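data_8.pdb (PDB, C-alpha atoms, pLDDT in the B column)
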ATOM      1  CA  MET A 212     147.281  86.367  82.476  1.00 51.00           C
ATOM      2  CA  ARG A 213     149.230  89.493  81.522  1.00 53.00           C
ATOM      3  CA  ALA A 214     147.019  90.020  78.472  1.00 51.00           C
ATOM      4  CA  PHE A 215     143.879  89.825  80.618  1.00 48.00           C
ATOM      5  CA  SER A 216     145.359  92.294  83.137  1.00 48.00           C
ATOM      6  CA  ALA A 217     146.153  94.683  80.296  1.00 49.00           C
ATOM      7  CA  ILE A 218     142.558  94.434  79.087  1.00 48.00           C
ATOM      8  CA  LEU A 219     141.253  95.203  82.587  1.00 47.00           C
ATOM      9  CA  ILE A 220     143.506  98.255  82.880  1.00 47.00           C
ATOM     10  CA  ALA A 221     142.625  99.494  79.389  1.00 48.00           C
ATOM     11  CA  THR A 222     138.924  98.974  80.031  1.00 47.00           C
ATOM     12  CA  SER A 223     139.122 100.824  83.364  1.00 48.00           C
ATOM     13  CA  ILE A 224     140.757 103.806  81.671  1.00 45.00           C
ATOM     14  CA  LEU A 225     138.313 103.633  78.765  1.00 48.00           C
ATOM     15  CA  TRP A 226     135.211 103.394  80.920  1.00 47.00           C
ATOM     16  CA  GLY A 227     136.205 105.941  83.555  1.00 49.00           C
ATOM     17  CA  CYS A 228     136.821 105.746  87.264  1.00 46.00           C
ATOM     18  CA  SER A 229     133.579 104.023  88.251  1.00 52.00           C
ATOM     19  CA  THR A 230     133.782 100.329  89.072  1.00 55.00           C
ATOM     20  CA  PRO A 231     132.894  98.652  85.776  1.00 70.00           C
ATOM     21  CA  GLU A 232     131.809  95.066  85.269  1.00 83.00           C
ATOM     22  CA  PHE A 233     134.352  92.778  83.617  1.00 87.00           C
ATOM     23  CA  LEU A 234     133.692  89.587  81.730  1.00 93.00           C
ATOM     24  CA  PRO A 235     135.646  86.513  82.857  1.00 93.00           C
ATOM     25  CA  SER A 236     137.505  84.527  80.207  1.00 94.00           C
ATOM     26  CA  ARG A 237     135.939  81.356  78.819  1.00 94.00           C
ATOM     27  CA  ASP A 238     137.414  77.975  77.887  1.00 94.00           C
ATOM     28  CA  GLY A 239     139.067  78.082  74.478  1.00 95.00           C
ATOM     29  CA  ALA A 240     139.272  74.306  73.991  1.00 96.00           C
ATOM     30  CA  VAL A 241     136.724  72.915  71.524  1.00 96.00           C
ATOM     31  CA  PRO A 242     134.683  70.070  73.051  1.00 96.00           C
ATOM     32  CA  ILE A 243     135.337  66.707  71.426  1.00 96.00           C
ATOM     33  CA  GLY A 244     132.937  66.013  68.580  1.00 95.00           C
ATOM     34  CA  VAL A 245     131.402  69.500  68.439  1.00 97.00           C
ATOM     35  CA  ASP A 246     131.604  71.178  65.019  1.00 98.00           C
ATOM     36  CA  LEU A 247     129.233  73.996  64.081  1.00 98.00           C
ATOM     37  CA  SER A 248     130.468  74.044  60.477  1.00 98.00           C
ATOM     38  CA  GLY A 249     127.839  73.945  57.755  1.00 97.00           C
ATOM     39  CA  ASN A 250     125.201  75.892  55.878  1.00 98.00           C
ATOM     40  CA  TRP A 251     122.216  76.877  57.998  1.00 98.00           C
ATOM     41  CA  GLN A 252     118.812  78.326  57.098  1.00 97.00           C
ATOM     42  CA  LEU A 253     116.624  80.242  59.543  1.00 96.00           C
ATOM     43  CA  ARG A 254     113.439  78.287  60.287  1.00 94.00           C
ATOM     44  CA  THR A 255     111.248  81.179  61.430  1.00 85.00           C
ATOM     45  CA  ASN A 256     110.138  84.382  59.708  1.00 80.00           C
ATOM     46  CA  SER A 257     113.033  86.821  59.619  1.00 77.00           C
ATOM     47  CA  SER A 258     110.880  89.975  59.728  1.00 84.00           C
ATOM     48  CA  SER A 259     109.064  88.936  62.905  1.00 84.00           C
ATOM     49  CA  ASP A 260     112.412  87.911  64.438  1.00 84.00           C
ATOM     50  CA  GLN A 261     113.859  91.351  63.734  1.00 88.00           C
ATOM     51  CA  VAL A 262     110.872  93.011  65.424  1.00 92.00           C
ATOM     52  CA  ARG A 263     111.422  90.814  68.492  1.00 93.00           C
ATOM     53  CA  VAL A 264     115.138  91.680  68.513  1.00 93.00           C
ATOM     54  CA  ARG A 265     114.378  95.423  68.355  1.00 94.00           C
ATOM     55  CA  ASP A 266     111.868  95.086  71.208  1.00 94.00           C
ATOM     56  CA  ALA A 267     114.389  93.141  73.299  1.00 95.00           C
ATOM     57  CA  ILE A 268     117.029  95.825  72.741  1.00 94.00           C
ATOM     58  CA  ARG A 269     114.593  98.590  73.676  1.00 94.00           C
ATOM     59  CA  GLN A 270     113.673  96.766  76.893  1.00 93.00           C
ATOM     60  CA  THR A 271     117.278  96.327  78.004  1.00 94.00           C
ATOM     61  CA  ASP A 272     119.252  99.327  76.727  1.00 90.00           C
ATOM     62  CA  GLY A 273     118.793 101.140  80.040  1.00 86.00           C
ATOM     63  CA  VAL A 274     116.596 103.906  78.646  1.00 84.00           C
ATOM     64  CA  LYS A 275     112.966 104.272  79.688  1.00 70.00           C
ATOM     65  CA  ASP A 276     110.626 104.969  76.793  1.00 58.00           C
ATOM     66  CA  ASP A 277     109.105 107.856  78.792  1.00 55.00           C
ATOM     67  CA  ASP A 278     112.519 109.544  78.904  1.00 48.00           C
ATOM     68  CA  VAL A 279     112.800 109.360  75.128  1.00 42.00           C
ATOM     69  CA  PHE A 280     109.294 110.295  74.092  1.00 42.00           C
ATOM     70  CA  THR A 281     108.485 113.020  76.632  1.00 48.00           C
ATOM     71  CA  GLN A 282     111.625 115.110  76.299  1.00 49.00           C
ATOM     72  CA  PRO A 283     111.343 117.893  73.734  1.00 48.00           C
ATOM     73  CA  ASP A 284     113.539 117.483  70.708  1.00 50.00           C
ATOM     74  CA  ARG A 285     115.110 120.854  69.995  1.00 45.00           C
ATOM     75  CA  GLN A 286     116.055 119.863  66.473  1.00 50.00           C
ATOM     76  CA  SER A 287     112.793 118.807  64.926  1.00 45.00           C
ATOM     77  CA  GLY A 288     110.698 116.687  67.264  1.00 47.00           C
ATOM     78  CA  SER A 289     111.126 113.890  64.764  1.00 48.00           C
ATOM     79  CA  ARG A 290     111.580 110.170  65.282  1.00 48.00           C
ATOM     80  CA  THR A 291     115.207 110.573  64.268  1.00 51.00           C
ATOM     81  CA  GLY A 292     115.799 112.913  67.215  1.00 51.00           C
ATOM     82  CA  ARG A 293     114.182 110.428  69.578  1.00 48.00           C
ATOM     83  CA  ALA A 294     116.314 107.594  68.239  1.00 51.00           C
ATOM     84  CA  ASN A 295     119.446 109.708  68.673  1.00 53.00           C
ATOM     85  CA  ARG A 296     118.527 110.471  72.305  1.00 48.00           C
ATOM     86  CA  ARG A 297     118.105 106.748  72.977  1.00 44.00           C
ATOM     87  CA  LYS A 298     121.515 106.006  71.419  1.00 53.00           C
ATOM     88  CA  LEU A 299     123.239 108.735  73.410  1.00 52.00           C
ATOM     89  CA  LYS A 300     121.743 107.661  76.736  1.00 59.00           C
ATOM     90  CA  GLY A 301     121.588 103.903  76.488  1.00 77.00           C
ATOM     91  CA  GLY A 302     123.597 100.760  75.959  1.00 88.00           C
ATOM     92  CA  LEU A 303     125.024 100.163  72.511  1.00 91.00           C
ATOM     93  CA  VAL A 304     126.046  96.521  72.704  1.00 93.00           C
ATOM     94  CA  HIS A 305     123.479  95.626  70.033  1.00 92.00           C
ATOM     95  CA  VAL A 306     125.572  97.346  67.333  1.00 94.00           C
ATOM     96  CA  PHE A 307     127.859  94.298  67.541  1.00 95.00           C
ATOM     97  CA  LEU A 308     124.996  91.917  66.695  1.00 96.00           C
ATOM     98  CA  GLU A 309     124.893  90.426  63.202  1.00 95.00           C
ATOM     99  CA  LEU A 310     121.729  88.761  61.929  1.00 94.00           C
ATOM    100  CA  GLY A 311     120.986  86.744  58.820  1.00 94.00           C
ATOM    101  CA  GLU A 312     118.552  84.183  57.444  1.00 95.00           C
ATOM    102  CA  SER A 313     121.311  82.124  55.852  1.00 96.00           C
ATOM    103  CA  LEU A 314     124.502  81.348  57.768  1.00 97.00           C
ATOM    104  CA  LYS A 315     127.635  79.655  56.525  1.00 98.00           C
ATOM    105  CA  VAL A 316     129.763  78.532  59.474  1.00 98.00           C
ATOM    106  CA  THR A 317     133.384  77.440  59.190  1.00 98.00           C
ATOM    107  CA  GLN A 318     135.002  76.110  62.368  1.00 98.00           C
ATOM    108  CA  THR A 319     138.740  75.673  62.897  1.00 96.00           C
ATOM    109  CA  ASP A 320     140.767  74.594  65.934  1.00 94.00           C
ATOM    110  CA  ASN A 321     141.158  78.235  66.976  1.00 96.00           C
ATOM    111  CA  GLY A 322     137.908  79.922  66.061  1.00 97.00           C
ATOM    112  CA  ILE A 323     134.861  80.215  63.915  1.00 97.00           C
ATOM    113  CA  PHE A 324     133.876  82.228  60.848  1.00 98.00           C
ATOM    114  CA  ILE A 325     130.209  83.046  60.287  1.00 98.00           C
ATOM    115  CA  SER A 326     128.985  84.438  56.961  1.00 98.00           C
ATOM    116  CA  PHE A 327     125.621  86.187  57.317  1.00 97.00           C
ATOM    117  CA  ASP A 328     123.542  86.120  54.108  1.00 95.00           C
ATOM    118  CA  ARG A 329     126.769  85.891  52.064  1.00 93.00           C
ATOM    119  CA  SER A 330     127.631  89.509  52.819  1.00 91.00           C
ATOM    120  CA  ILE A 331     129.083  89.991  56.320  1.00 92.00           C
ATOM    121  CA  VAL A 332     131.694  87.628  57.764  1.00 96.00           C
ATOM    122  CA  GLU A 333     132.368  87.646  61.500  1.00 96.00           C
ATOM    123  CA  GLU A 334     135.388  85.951  63.078  1.00 96.00           C
ATOM    124  CA  LEU A 335     135.177  84.712  66.660  1.00 97.00           C
ATOM    125  CA  ARG A 336     138.306  83.298  68.296  1.00 97.00           C
ATOM    126  CA  PHE A 337     137.965  80.657  70.993  1.00 97.00           C
ATOM    127  CA  GLY A 338     139.299  81.876  74.336  1.00 97.00           C
ATOM    128  CA  GLU A 339     139.452  85.516  73.212  1.00 97.00           C
ATOM    129  CA  ASN A 340     139.007  88.314  75.743  1.00 97.00           C
ATOM    130  CA  ARG A 341     139.498  91.676  74.054  1.00 96.00           C
ATOM    131  CA  LEU A 342     138.161  95.133  73.364  1.00 96.00           C
ATOM    132  CA  ILE A 343     136.207  95.603  70.125  1.00 95.00           C
ATOM    133  CA  SER A 344     134.725  98.684  68.489  1.00 94.00           C
ATOM    134  CA  VAL A 345     132.259  99.785  65.834  1.00 91.00           C
ATOM    135  CA  GLY A 346     132.510 103.497  65.213  1.00 89.00           C
ATOM    136  CA  GLU A 347     132.353 105.170  68.635  1.00 86.00           C
ATOM    137  CA  ALA A 348     130.798 102.126  70.326  1.00 90.00           C
ATOM    138  CA  GLU A 349     133.297 100.037  72.288  1.00 94.00           C
ATOM    139  CA  ALA A 350     132.836  96.828  74.233  1.00 96.00           C
ATOM    140  CA  GLN A 351     134.615  93.914  75.854  1.00 97.00           C
ATOM    141  CA  ARG A 352     134.160  90.610  74.036  1.00 97.00           C
ATOM    142  CA  VAL A 353     134.764  87.122  75.432  1.00 98.00           C
ATOM    143  CA  THR A 354     134.312  83.970  73.341  1.00 98.00           C
ATOM    144  CA  GLY A 355     134.651  80.362  74.432  1.00 97.00           C
ATOM    145  CA  TRP A 356     132.890  77.158  75.359  1.00 97.00           C
ATOM    146  CA  GLU A 357     130.462  76.243  78.095  1.00 97.00           C
ATOM    147  CA  GLY A 358     129.863  72.520  77.880  1.00 96.00           C
ATOM    148  CA  ASP A 359     128.982  71.779  74.241  1.00 97.00           C
ATOM    149  CA  ALA A 360     127.810  75.343  73.527  1.00 98.00           C
ATOM    150  CA  MET A 361     129.856  78.179  72.084  1.00 98.00           C
ATOM    151  CA  VAL A 362     129.190  81.361  74.059  1.00 98.00           C
ATOM    152  CA  VAL A 363     129.957  84.937  73.021  1.00 98.00           C
ATOM    153  CA  ASP A 364     129.632  87.640  75.706  1.00 98.00           C
ATOM    154  CA  THR A 365     129.740  91.319  74.733  1.00 97.00           C
ATOM    155  CA  LEU A 366     129.613  94.083  77.368  1.00 97.00           C
ATOM    156  CA  ASP A 367     129.513  97.805  76.619  1.00 95.00           C
ATOM    157  CA  ARG A 368     130.615 100.727  78.780  1.00 91.00           C
ATOM    158  CA  ASN A 369     127.020 101.481  79.852  1.00 91.00           C
ATOM    159  CA  GLY A 370     126.621  98.024  81.390  1.00 93.00           C
ATOM    160  CA  MET A 371     124.428  96.524  78.658  1.00 95.00           C
ATOM    161  CA  LYS A 372     125.437  92.925  77.998  1.00 97.00           C
ATOM    162  CA  MET A 373     124.656  90.569  75.125  1.00 97.00           C
ATOM    163  CA  THR A 374     125.230  86.819  75.420  1.00 98.00           C
ATOM    164  CA  GLU A 375     124.986  84.691  72.280  1.00 98.00           C
ATOM    165  CA  THR A 376     124.877  80.911  72.683  1.00 98.00           C
ATOM    166  CA  PHE A 377     125.291  78.561  69.702  1.00 98.00           C
ATOM    167  CA  ARG A 378     124.310  74.923  70.275  1.00 98.00           C
ATOM    168  CA  LEU A 379     123.730  71.891  68.027  1.00 98.00           C
ATOM    169  CA  LEU A 380     120.501  69.930  68.495  1.00 98.00           C
ATOM    170  CA  GLU A 381     118.847  66.859  66.984  1.00 97.00           C
ATOM    171  CA  GLY A 382     122.091  65.093  66.174  1.00 96.00           C
ATOM    172  CA  GLY A 383     123.614  68.151  64.511  1.00 96.00           C
ATOM    173  CA  ARG A 384     120.752  68.746  62.067  1.00 98.00           C
ATOM    174  CA  VAL A 385     119.609  71.876  63.940  1.00 98.00           C
ATOM    175  CA  MET A 386     121.552  74.813  65.346  1.00 98.00           C
ATOM    176  CA  GLU A 387     120.053  77.028  68.045  1.00 98.00           C
ATOM    177  CA  ARG A 388     121.276  80.583  68.483  1.00 98.00           C
ATOM    178  CA  LYS A 389     120.058  82.112  71.715  1.00 98.00           C
ATOM    179  CA  ILE A 390     120.581  85.863  72.184  1.00 97.00           C
ATOM    180  CA  LEU A 391     120.200  87.208  75.706  1.00 98.00           C
ATOM    181  CA  PHE A 392     120.164  90.975  76.255  1.00 97.00           C
ATOM    182  CA  ARG A 393     120.726  92.229  79.802  1.00 97.00           C
ATOM    183  CA  SER A 394     120.559  95.780  81.060  1.00 95.00           C
ATOM    184  CA  LYS A 395     122.800  97.289  83.726  1.00 93.00           C
ATOM    185  CA  LYS A 396     119.880  96.822  86.135  1.00 93.00           C
ATOM    186  CA  ASP A 397     119.630  93.106  85.243  1.00 94.00           C
ATOM    187  CA  GLU A 398     116.492  93.414  83.097  1.00 95.00           C
ATOM    188  CA  GLU A 399     116.609  90.588  80.564  1.00 96.00           C
ATOM    189  CA  ALA A 400     115.096  89.691  77.205  1.00 97.00           C
ATOM    190  CA  THR A 401     115.871  86.539  75.210  1.00 97.00           C
ATOM    191  CA  ILE A 402     115.519  85.772  71.511  1.00 95.00           C
ATOM    192  CA  VAL A 403     115.917  82.206  70.200  1.00 96.00           C
ATOM    193  CA  ARG A 404     116.635  81.679  66.505  1.00 96.00           C
ATOM    194  CA  VAL A 405     116.544  78.119  65.110  1.00 97.00           C
ATOM    195  CA  PHE A 406     118.447  77.109  61.976  1.00 98.00           C
ATOM    196  CA  ASP A 407     118.148  73.898  59.921  1.00 98.00           C
ATOM    197  CA  ARG A 408     121.161  72.353  58.232  1.00 98.00           C
ATOM    198  CA  VAL A 409     120.863  72.622  54.452  1.00 96.00           C
ATOM    199  CA  ASP A 410     124.113  70.996  53.216  1.00 76.00           C
TER     200      ASP A 410
END
structure tokens encoding of this file:
Amino acid sequence: MRAFSAILIATSILWGCSTPEFLPSRDGAVPIGVDLSGNWQLRTNSSSDQVRVRDAIRQTDGVKDDDVFTQPDRQSGSRTGRANRRKLKGGLVHVFLELGESLKVTQTDNGIFISFDRSIVEELRFGENRLISVGEAEAQRVTGWEGDAMVVDTLDRNGMKMTETFRLLEGGRVMERKILFRSKKDEEATIVRVFDRVD
């Protein structure tokens, strides 16, 4: 309880005096018989999935396209300037999202390790509720279980939230990863990625 209170205080200081949203902790106990461990291969086309993810982020980052494309860019008027304006004004929770066609998942009693395309390894600890950062982007992360699904909530200081849900289907032969993006104004976009077990 003290750790959670410390996180709330630190997040309040970090995010300013406005009343920020906080993520509640999730159950850290692994459901009996649920093990996401294995090698998994994305069933759908990765390129089209990435386009859908980018569109979902654009729809929920809290920045209207009109605001980005109609403002003059004093530097060069280039796409890079427009992208920078979007980053400065909008939610950045998507920088914490890792994607891959091939996943290797290792589950322990305390957490899970996910290797994305044999290059990036992400560790998620069951029951965690902490602040995370990538460069200047900072967010609150909560990981735990909801029924037989592992859920990872990530909330940035601009109120953009990402909820990832990992669930086994078809007797453990299929793993579904649902990614829900939500803006501060509750606009939502969902991406579902389906993986087949290959080991």
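As for atom CA of Gln270 of chain A and atom CA of Phe392 of chain A, they are spaced 8.7 Å apart.
Distances to His305 of chain A were evaluated for A:Val403, A:Ile323, A:Val362, A:Ala350 using only C-alpha atoms, and the minimum falls at A:Ala350.
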What's the 10 Å shell around segment 369-383 of chain A, counting only C-alpha atoms, without same-chain residues fewer than 6 positions away, as a count of residues only?
57
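Note that the spacing between atom CA of Leu342 of chain A and atom CA of Thr365 of chain A amounts to 9.3 Å.
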A straight line from atom CA of Ala267 of chain A to atom CA of Leu310 of chain A spans 14.2 Å
Incomplete segment 373-387 of chain A filled out to N, CA, C and O atoms as a short mmCIF file (atom, residue, chain, number, x, y, z; two decimals), keeping the file's coordinate frame:
data_model
loop_
_atom_site.label_atom_id
_atom_site.label_comp_id
_atom_site.auth_asym_id
_atom_site.auth_seq_id
_atom_site.Cartn_x
_atom_site.Cartn_y
_atom_site.Cartn_z
N MET A 373 125.29 91.48 76.07
CA MET A 373 124.66 90.57 75.12
C MET A 373 125.39 89.24 75.19
O MET A 373 126.61 89.19 75.09
N THR A 374 124.65 88.16 75.39
CA THR A 374 125.23 86.82 75.42
C THR A 374 124.60 85.99 74.31
O THR A 374 123.40 85.79 74.28
N GLU A 375 125.44 85.54 73.37
CA GLU A 375 124.99 84.69 72.28
C GLU A 375 125.46 83.27 72.55
O GLU A 375 126.65 83.05 72.82
N THR A 376 124.54 82.31 72.45
CA THR A 376 124.88 80.91 72.68
C THR A 376 124.51 80.10 71.45
O THR A 376 123.36 80.12 71.00
N PHE A 377 125.49 79.42 70.87
CA PHE A 377 125.29 78.56 69.70
C PHE A 377 125.38 77.11 70.15
O PHE A 377 126.37 76.70 70.76
N ARG A 378 124.34 76.31 69.82
CA ARG A 378 124.31 74.92 70.28
C ARG A 378 123.70 74.04 69.18
O ARG A 378 122.71 74.42 68.54
N LEU A 379 124.29 72.86 68.97
CA LEU A 379 123.73 71.89 68.03
C LEU A 379 122.67 71.04 68.71
O LEU A 379 122.85 70.64 69.87
N LEU A 380 121.59 70.76 67.99
CA LEU A 380 120.50 69.93 68.50
C LEU A 380 120.15 68.87 67.45
O LEU A 380 120.56 68.97 66.29
N GLU A 381 119.37 67.90 67.88
CA GLU A 381 118.85 66.86 66.98
C GLU A 381 119.95 66.21 66.15
O GLU A 381 119.86 66.09 64.92
N GLY A 382 121.00 65.80 66.84
CA GLY A 382 122.09 65.09 66.17
C GLY A 382 122.87 65.95 65.18
O GLY A 382 123.48 65.42 64.25
N GLY A 383 122.87 67.25 65.39
CA GLY A 383 123.61 68.15 64.51
C GLY A 383 122.83 68.65 63.31
O GLY A 383 123.37 69.38 62.48
N ARG A 384 121.57 68.29 63.20
CA ARG A 384 120.75 68.75 62.07
C ARG A 384 120.17 70.14 62.30
O ARG A 384 119.70 70.78 61.37
N VAL A 385 120.19 70.58 63.56
CA VAL A 385 119.61 71.88 63.94
C VAL A 385 120.63 72.65 64.77
O VAL A 385 121.34 72.06 65.59
N MET A 386 120.71 73.95 64.52
CA MET A 386 121.55 74.81 65.35
C MET A 386 120.67 75.88 65.99
O MET A 386 119.90 76.56 65.31
N GLU A 387 120.79 76.00 67.30
CA GLU A 387 120.05 77.03 68.04
C GLU A 387 121.00 78.18 68.38
O GLU A 387 122.09 77.97 68.88
#
